[in-house]
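Notes for the one structure printed next.
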Amino acid sequence: MTSPTRRTFLQTGAASLAGAALVGAGTSPSTTAAETSGKDDGKPGGEKGPAPFIDTNVHLGHWPARHLPLGKPADLTAKLREHGVTQAWAGTFEGLLHKDLAAANYRLKKACEVHGAGLLVPVGAINPTLPAWKEDLKRCREDFDFSMIRLYPGYHGYAVEQPLFLETLKQAREVELTVQVVVRLEDVRTQSPLLRAPDLDVTPLPGLLKKVPGIRLQLLNALRTVKNPLLLQRLAAMGVHFEIAMLEGAAGLENLLNGLGIKNVCFGSHAPFFYFESALLKLKESLLTEEQLTFLRDGNARNFFIPPQP
Amino acid sequence: MTIWDLHCHFARLVPGSPVKSLERLIEIGNRLGIEKFCVYMGSNWEYDPSPENLRNQNDEVLEAIGAFPGQAFGFVYLNPKDVEASLDELNRCVADGPMVGIKLWVAQRCNHRNLDPIVERAVELDVGIFQHTWLKAGGNLPGESTPADLAELADRHPDARLICGHTGGDFELGIRAVKHSPNVHIGIAGSDPTAGFTEMAVRELGADRVIWGSDASGRSFASQLGKVVGAQVDEAAQEKILHTNLRQWLAPALKAKGRDI
Ligand SMILES: [Zn+2]
């Protein structure tokens with residue numbers, strides 16, 4: 001028996017797909033944002049709907065080492081909605097240890113459709129150390145209609161400078177998938193001894209990105225460990241985006257934007273692993289202009305991740 | 001809701017000016033409704049500070065809190081490797097000065113006998129001790145205490161009021177380690193805002209033993225406040241964690257200084 005085909009996915013998922021149709025399961029970020037917000041100028045306020053607010057960093061699925069209070073998709077989405085999030089980009093924790101990623105990504109798609117109601121945008125997990133990983137990538141694009149993938153090099157045992165990483169970026173660009181690269185999920189000091197994953201060293205990334213012009217890439221959970229302002233500026237100049245889940249420091253966001261400008265920083269919470277409010281309150285801890293807030297809450301994510309034209 | 005912060009450092013915010021640094025810290029904290037700030041250590045941190053370094057760091061704190069008596073509480077920073085110098089500083093800054101707590105960091109593991117005279121003097125003065133603790137997967141610093149070390153110290157000094165700083169960093173282990181030490185509170189500052197932390201703390205220790213702090217300016221006030229406002233605990237528990245527990249913990253020292261709180 002080989003891995004599931006497109007047809008088996010469609011068969012097993014028929015019931016859920018029907019449910020998805022009711023809730024308008026858009027999996028493309030720009031479409032969903034526009035649908036939810038009822039407008040497309042990227043500005044908050046107005047009468048057409050809630051101000052758009054995109055959380056670029058959430059996960060579904062079980063964290064292997066701890067029960068998470070908002071681990072159930074319904075609880076997570078209730079929390080996100082409570083705080084006005086109109087779209088959340090959701091990866092799956094199954095992507096860390098599972099080898100049958102086609103199945104994990106399919107479950108993610110279904111969970112986003114059933115529980116997300118237009119809120120959750122699935123981000124497929126890809127592990128380029130697995131045999132036939134390019135097939136997973138293709139499925140994300142063609143079978144599941146995803147527009148993003150998430151890489152976990154620390155958990156899958158490869159580094160930025162390895163040819164595998166470059167090859168993954170090239171393949172993703174080929175099928176017009178946006179790539180989120182996870183720098184860390186958990187403080188290395190508190191990891192289970194059986195689940196120790198090193199932080200990703202992104203120092204070689206600027207050199208690498210020259211070889212994949214046009215790639216859409218966002219680093220997740222980077223800002224606690226990637227602190228060198230020159231490196232951050234270089235990455236931003238090459239179009240790399242960041243999010244604020246692991247940003248620390250008193251008024252850390254203010255300080256970050258002073259050095260980096262506003263165009264490359266998105267909102268991200270790392271919920272349900274982190275308390276969602278930790279990221280949310282950062283918007284209040286720093287003095288930000290309305291314009292900066294608009295870019296952070298929605299504009300940058302939306303401008304950046306509009307799927308390429310066919 | 002009233003919010004007091006157990007755990008702040010300020011001195012690096014505006015290099016060279018303790019007063020301006022603390023002013024900046026307070027200004028940022030106020031944005032999130034934080035009203036009072038416990039501050040300790042100056043700008044030149046050392047794992048094993050000399051008596052001179054201790055005095056300099058404590059002087060920075062004295063200078064800063066002098067400018068903000070209504071908003072800031074100072075804790076004296078000591079090095080138990082040098083008991084005499086530590087007792088001198090304790091007397092200078094707390095017994096004869098305005099400080100209202102003690103901060104111990106990573107010079108000496110806190111189960112060491114050197115701690116005893118310092119803790120005994122603290123009990124005499126009725127001030128509490130904040131002890132930094134961590135449990136690092138990659139190994140602690142040589143003088144860095146674990147929550148279990150603090151539980152040992154607490155057993156030897158049942159009258160001392162102790163705080164397990166960072167809850168060991170790895171809160172699931174830290175909470176378990178101090179669970180049976182009733183004179184130990186946990187400080188929940190200075191670790192990632194990992195969901196479930198506050199819920200477990202309240203379930204295992206009771207809300208009365210949990211004290212919020214930020215570990216700003218290295219940490220973000222916001223990231224740390226999220227641990228409480230985002231937790232599935234009731235409002236009464238949140239109020240204790242964010243304010244009343246710390247107020248009670250500081251009360252004897254503040255009262256001794258005639259400060260009406
Ligand atoms: Zn600290």
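Residues are referred to by chain and number: the chain letter is A, B, ... according to the order shown in the structure tokens, the number counts from 1 in that chain, and ligands are numbered separately from 1 in the order shown.
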
Counting only C-alpha atoms and all ligand atoms, which protein, DNA or RNA residues come within 8 Å of ligand 1, given as a JSON list (two decimals) with all heavy atoms, in the first residue's frame?
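result.json written:
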[["chain", "number", "residue", "atom", "x", "y", "z"],
["B", 7, "HIS", "N", 9.67, 41.70, 39.87],
["B", 7, "HIS", "CA", 10.98, 41.33, 39.33],
["B", 7, "HIS", "C", 11.37, 42.21, 38.14],
["B", 7, "HIS", "O", 10.99, 41.94, 37.01],
["B", 7, "HIS", "CB", 10.90, 39.86, 38.91],
["B", 7, "HIS", "CG", 12.18, 39.26, 38.45],
["B", 7, "HIS", "ND1", 12.36, 37.89, 38.36],
["B", 7, "HIS", "CD2", 13.35, 39.79, 38.04],
["B", 7, "HIS", "CE1", 13.57, 37.62, 37.92],
["B", 7, "HIS", "NE2", 14.20, 38.77, 37.70],
["B", 8, "CYS", "N", 12.09, 43.27, 38.44],
["B", 8, "CYS", "CA", 12.55, 44.16, 37.35],
["B", 8, "CYS", "C", 14.03, 44.50, 37.48],
["B", 8, "CYS", "O", 14.56, 44.61, 38.58],
["B", 8, "CYS", "CB", 11.80, 45.50, 37.38],
["B", 8, "CYS", "SG", 10.06, 45.38, 37.07],
["B", 9, "HIS", "N", 14.63, 44.70, 36.35],
["B", 9, "HIS", "CA", 15.97, 45.28, 36.25],
["B", 9, "HIS", "C", 15.82, 46.51, 35.36],
["B", 9, "HIS", "O", 15.02, 46.52, 34.44],
["B", 9, "HIS", "CB", 16.94, 44.29, 35.64],
["B", 9, "HIS", "CG", 16.87, 42.94, 36.28],
["B", 9, "HIS", "ND1", 17.36, 42.69, 37.54],
["B", 9, "HIS", "CD2", 16.31, 41.78, 35.86],
["B", 9, "HIS", "CE1", 17.12, 41.42, 37.86],
["B", 9, "HIS", "NE2", 16.48, 40.85, 36.85],
["B", 132, "HIS", "N", 17.00, 33.60, 42.64],
["B", 132, "HIS", "CA", 16.96, 33.12, 41.25],
["B", 132, "HIS", "C", 17.11, 31.61, 41.24],
["B", 132, "HIS", "O", 17.99, 31.06, 41.92],
["B", 132, "HIS", "CB", 18.10, 33.79, 40.46],
["B", 132, "HIS", "CG", 18.43, 33.13, 39.15],
["B", 132, "HIS", "ND1", 18.07, 33.67, 37.95],
["B", 132, "HIS", "CD2", 19.10, 31.98, 38.88],
["B", 132, "HIS", "CE1", 18.50, 32.87, 36.97],
["B", 132, "HIS", "NE2", 19.13, 31.85, 37.50],
["B", 189, "ALA", "N", 8.07, 35.20, 36.83],
["B", 189, "ALA", "CA", 8.69, 36.04, 35.79],
["B", 189, "ALA", "C", 9.83, 35.32, 35.08],
["B", 189, "ALA", "O", 10.40, 34.37, 35.59],
["B", 189, "ALA", "CB", 9.25, 37.30, 36.43],
["B", 190, "GLY", "N", 10.16, 35.86, 33.92],
["B", 190, "GLY", "CA", 11.43, 35.52, 33.30],
["B", 190, "GLY", "C", 11.52, 34.13, 32.71],
["B", 190, "GLY", "O", 12.55, 33.48, 32.83],
["B", 215, "ASP", "N", 10.52, 40.39, 34.97],
["B", 215, "ASP", "CA", 11.93, 40.29, 34.57],
["B", 215, "ASP", "C", 12.24, 41.25, 33.43],
["B", 215, "ASP", "O", 13.15, 41.02, 32.66],
["B", 215, "ASP", "CB", 12.34, 38.86, 34.23],
["B", 215, "ASP", "CG", 13.83, 38.60, 34.47],
["B", 215, "ASP", "OD1", 14.54, 39.54, 34.90],
["B", 215, "ASP", "OD2", 14.29, 37.48, 34.23],
["B", 216, "ALA", "N", 11.46, 42.33, 33.33],
["B", 216, "ALA", "CA", 11.85, 43.42, 32.44],
["B", 216, "ALA", "C", 13.12, 44.04, 33.04],
["B", 216, "ALA", "O", 13.37, 43.88, 34.23],
["B", 216, "ALA", "CB", 10.73, 44.46, 32.39],
["B", 218, "GLY", "N", 14.86, 42.98, 30.43],
["B", 218, "GLY", "CA", 15.27, 41.92, 29.50],
["B", 218, "GLY", "C", 14.06, 41.24, 28.87],
["B", 218, "GLY", "O", 14.02, 40.98, 27.68]]

May I have the residues of chain B within 8 Å of chain A, counting only C-alpha atoms, written as a PyMOL selection string?
chain B and resi 25+28-29+31-32+135-138+169-170+192-196+216-227+229-232

Choose the residue, out of A:Leu80, A:Val212, A:Val240, A:Leu169, that has the smallest atom-to-atom separation from Asp55 (chain A); count only C-alpha atoms.
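Closest candidate: A:Leu80.
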
What residues in region 70-308 of chain A get the DSSP label helix (DSSP H, G or I)? Please answer as number ranges by chain.
A: 73-82, 94-97, 101-116, 133-142, 153-156, 163-174, 188-190, 205-209, 229-237, 252-260, 276-280, 282-285, 290-305

Using C-alpha atoms, can you write the selected residues to a file as an mmCIF file, in the first residue's frame?
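Final output, saved to out01.cif:
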data_model
loop_
_atom_site.group_PDB
_atom_site.id
_atom_site.type_symbol
_atom_site.label_atom_id
_atom_site.label_comp_id
_atom_site.auth_asym_id
_atom_site.auth_seq_id
_atom_site.Cartn_x
_atom_site.Cartn_y
_atom_site.Cartn_z
ATOM 1 C CA PRO A 73 -9.191 23.722 17.773
ATOM 2 C CA ALA A 74 -12.575 24.920 19.029
ATOM 3 C CA ASP A 75 -11.023 26.438 22.153
ATOM 4 C CA LEU A 76 -8.222 28.039 20.181
ATOM 5 C CA THR A 77 -10.531 29.580 17.615
ATOM 6 C CA ALA A 78 -12.822 30.881 20.375
ATOM 7 C CA LYS A 79 -9.842 32.642 21.953
ATOM 8 C CA LEU A 80 -8.697 34.060 18.614
ATOM 9 C CA ARG A 81 -12.176 35.360 17.826
ATOM 10 C CA GLU A 82 -12.566 36.799 21.311
ATOM 11 C CA GLU A 94 1.894 16.507 14.013
ATOM 12 C CA GLY A 95 4.431 17.824 11.555
ATOM 13 C CA LEU A 96 7.202 17.500 14.131
ATOM 14 C CA LEU A 97 7.308 13.745 14.642
ATOM 15 C CA LEU A 101 2.861 13.992 6.569
ATOM 16 C CA ALA A 102 0.350 13.678 3.757
ATOM 17 C CA ALA A 103 -2.127 12.351 6.294
ATOM 18 C CA ALA A 104 -1.142 14.941 8.904
ATOM 19 C CA ASN A 105 -1.589 17.751 6.387
ATOM 20 C CA TYR A 106 -4.905 16.352 5.305
ATOM 21 C CA ARG A 107 -6.136 16.261 8.907
ATOM 22 C CA LEU A 108 -4.950 19.843 9.253
ATOM 23 C CA LYS A 109 -6.919 20.862 6.197
ATOM 24 C CA LYS A 110 -10.040 19.194 7.554
ATOM 25 C CA ALA A 111 -9.607 20.659 11.031
ATOM 26 C CA CYS A 112 -9.235 24.147 9.586
ATOM 27 C CA GLU A 113 -12.367 23.672 7.525
ATOM 28 C CA VAL A 114 -14.468 22.224 10.318
ATOM 29 C CA HIS A 115 -13.335 24.453 13.173
ATOM 30 C CA GLY A 116 -11.906 27.442 11.417
ATOM 31 C CA TRP A 133 8.986 14.755 0.326
ATOM 32 C CA LYS A 134 8.494 16.525 -2.973
ATOM 33 C CA GLU A 135 5.277 14.598 -3.321
ATOM 34 C CA ASP A 136 4.099 16.065 0.014
ATOM 35 C CA LEU A 137 4.924 19.487 -1.302
ATOM 36 C CA LYS A 138 3.026 18.921 -4.515
ATOM 37 C CA ARG A 139 0.048 17.625 -2.608
ATOM 38 C CA CYS A 140 0.019 20.690 -0.400
ATOM 39 C CA ARG A 141 -0.327 22.778 -3.520
ATOM 40 C CA GLU A 142 -2.368 20.679 -5.881
ATOM 41 C CA PRO A 153 14.603 22.149 10.614
ATOM 42 C CA GLY A 154 15.388 21.884 14.346
ATOM 43 C CA TYR A 155 13.024 18.941 14.688
ATOM 44 C CA HIS A 156 13.877 17.319 11.381
ATOM 45 C CA PRO A 163 21.722 21.723 0.217
ATOM 46 C CA LEU A 164 18.436 20.165 1.306
ATOM 47 C CA PHE A 165 17.220 23.469 2.667
ATOM 48 C CA LEU A 166 17.986 25.338 -0.542
ATOM 49 C CA GLU A 167 16.364 22.580 -2.557
ATOM 50 C CA THR A 168 13.210 22.852 -0.434
ATOM 51 C CA LEU A 169 13.027 26.586 -0.999
ATOM 52 C CA LYS A 170 13.500 26.104 -4.740
ATOM 53 C CA GLN A 171 10.779 23.493 -4.916
ATOM 54 C CA ALA A 172 8.418 25.647 -2.878
ATOM 55 C CA ARG A 173 9.019 28.598 -5.142
ATOM 56 C CA GLU A 174 8.436 26.397 -8.148
ATOM 57 C CA VAL A 188 16.020 24.882 24.529
ATOM 58 C CA ARG A 189 16.532 25.073 28.299
ATOM 59 C CA THR A 190 13.145 23.537 29.075
ATOM 60 C CA LEU A 205 20.296 32.693 5.190
ATOM 61 C CA PRO A 206 21.085 35.977 3.361
ATOM 62 C CA GLY A 207 23.684 34.249 1.195
ATOM 63 C CA LEU A 208 21.270 31.441 0.438
ATOM 64 C CA LEU A 209 18.346 33.657 -0.474
ATOM 65 C CA PRO A 229 20.453 44.021 14.068
ATOM 66 C CA LEU A 230 22.603 43.867 10.944
ATOM 67 C CA LEU A 231 21.467 40.341 10.175
ATOM 68 C CA LEU A 232 17.831 41.287 10.769
ATOM 69 C CA GLN A 233 18.183 44.309 8.497
ATOM 70 C CA ARG A 234 19.828 42.250 5.807
ATOM 71 C CA LEU A 235 17.113 39.641 5.928
ATOM 72 C CA ALA A 236 14.400 42.291 5.867
ATOM 73 C CA ALA A 237 16.032 43.946 2.873
ATOM 74 C CA GLY A 252 10.587 45.447 22.547
ATOM 75 C CA LEU A 253 8.397 46.117 19.546
ATOM 76 C CA GLU A 254 9.171 49.823 19.590
ATOM 77 C CA ASN A 255 12.876 49.035 19.694
ATOM 78 C CA LEU A 256 12.602 46.470 16.921
ATOM 79 C CA LEU A 257 10.710 48.771 14.586
ATOM 80 C CA ASN A 258 13.160 51.600 15.212
ATOM 81 C CA GLY A 259 15.922 49.440 13.787
ATOM 82 C CA LEU A 260 14.026 47.445 11.202
ATOM 83 C CA PHE A 276 -2.232 34.405 23.109
ATOM 84 C CA GLU A 277 -2.423 37.533 25.270
ATOM 85 C CA SER A 278 1.370 37.673 25.588
ATOM 86 C CA ALA A 279 1.686 38.747 21.965
ATOM 87 C CA LEU A 280 -1.446 40.855 21.992
ATOM 88 C CA LYS A 282 2.956 43.778 23.095
ATOM 89 C CA LEU A 283 0.921 46.032 20.823
ATOM 90 C CA LYS A 284 0.024 48.034 23.922
ATOM 91 C CA GLU A 285 3.413 47.918 25.605
ATOM 92 C CA GLU A 290 -1.997 53.859 13.772
ATOM 93 C CA GLU A 291 -0.114 53.174 10.587
ATOM 94 C CA GLN A 292 2.350 50.866 12.319
ATOM 95 C CA LEU A 293 -0.502 49.021 13.994
ATOM 96 C CA THR A 294 -2.242 48.531 10.682
ATOM 97 C CA PHE A 295 0.857 47.058 9.108
ATOM 98 C CA LEU A 296 1.438 44.807 12.097
ATOM 99 C CA ARG A 297 -2.080 43.563 12.543
ATOM 100 C CA ASP A 298 -2.783 42.828 8.952
ATOM 101 C CA GLY A 299 -1.175 44.849 6.197
ATOM 102 C CA ASN A 300 2.244 43.228 6.119
ATOM 103 C CA ALA A 301 0.932 39.699 6.254
ATOM 104 C CA ARG A 302 -1.593 40.379 3.532
ATOM 105 C CA ASN A 303 0.702 42.286 1.216
ATOM 106 C CA PHE A 304 3.348 39.674 1.570
ATOM 107 C CA PHE A 305 1.302 36.547 1.142
#

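Interatomic distance, CA of Gly268 (chain A) against CA of Gln180 (chain A): 12.0 Å.
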
From CA of Phe171 (chain B) to CA of Glu204 (chain B) the spacing works out at 11.4 Å

Just how far from CA of Ser214 (chain B) is CA of Thr146 (chain B), in Å to one decimal?
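These atoms are spaced 19.6 Å apart.
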
Do you know which residues are at most 12 Å from Leu90 (chain B) counting only C-alpha atoms, after dropping those on the same chain fewer than 6 positions away, and could you put them as a PyMOL selection string?
chain B and resi 51+54-55+58+74-80+83-84+96-104+117-125+127-129

What's the 10 Å shell around Asp82 (chain B), counting only C-alpha atoms, without same-chain residues fewer than 4 positions away, as a ChimeraX atom specification?
/B:48-51,78,86-87,107-108,114-115

Go ahead and save the residues from that selection, with C-alpha atoms, as a PDB file, in the first residue's frame.
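Saved result, part.pdb, follows:
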ATOM      1  CA  ASP B  48      30.408  36.219  41.417  1.00  0.00           C
ATOM      2  CA  PRO B  49      30.445  39.923  42.280  1.00  0.00           C
ATOM      3  CA  SER B  50      33.153  41.422  44.468  1.00  0.00           C
ATOM      4  CA  PRO B  51      32.096  43.441  47.531  1.00  0.00           C
ATOM      5  CA  LEU B  78      24.048  39.997  47.902  1.00  0.00           C
ATOM      6  CA  SER B  86      26.706  40.489  52.260  1.00  0.00           C
ATOM      7  CA  LEU B  87      25.702  41.133  55.866  1.00  0.00           C
ATOM      8  CA  ALA B 107      27.100  33.228  42.868  1.00  0.00           C
ATOM      9  CA  GLN B 108      26.385  30.373  45.266  1.00  0.00           C
ATOM     10  CA  ASN B 114      26.844  30.225  53.781  1.00  0.00           C
ATOM     11  CA  LEU B 115      23.233  31.187  53.253  1.00  0.00           C
TER      12      LEU B 115
END

As a PyMOL selection string, which residues of region 28-206 of chain B does DSSP assign to strand (DSSP E)?
chain B and resi 34-39+72-78+101-104+128-132+162-165+184-187
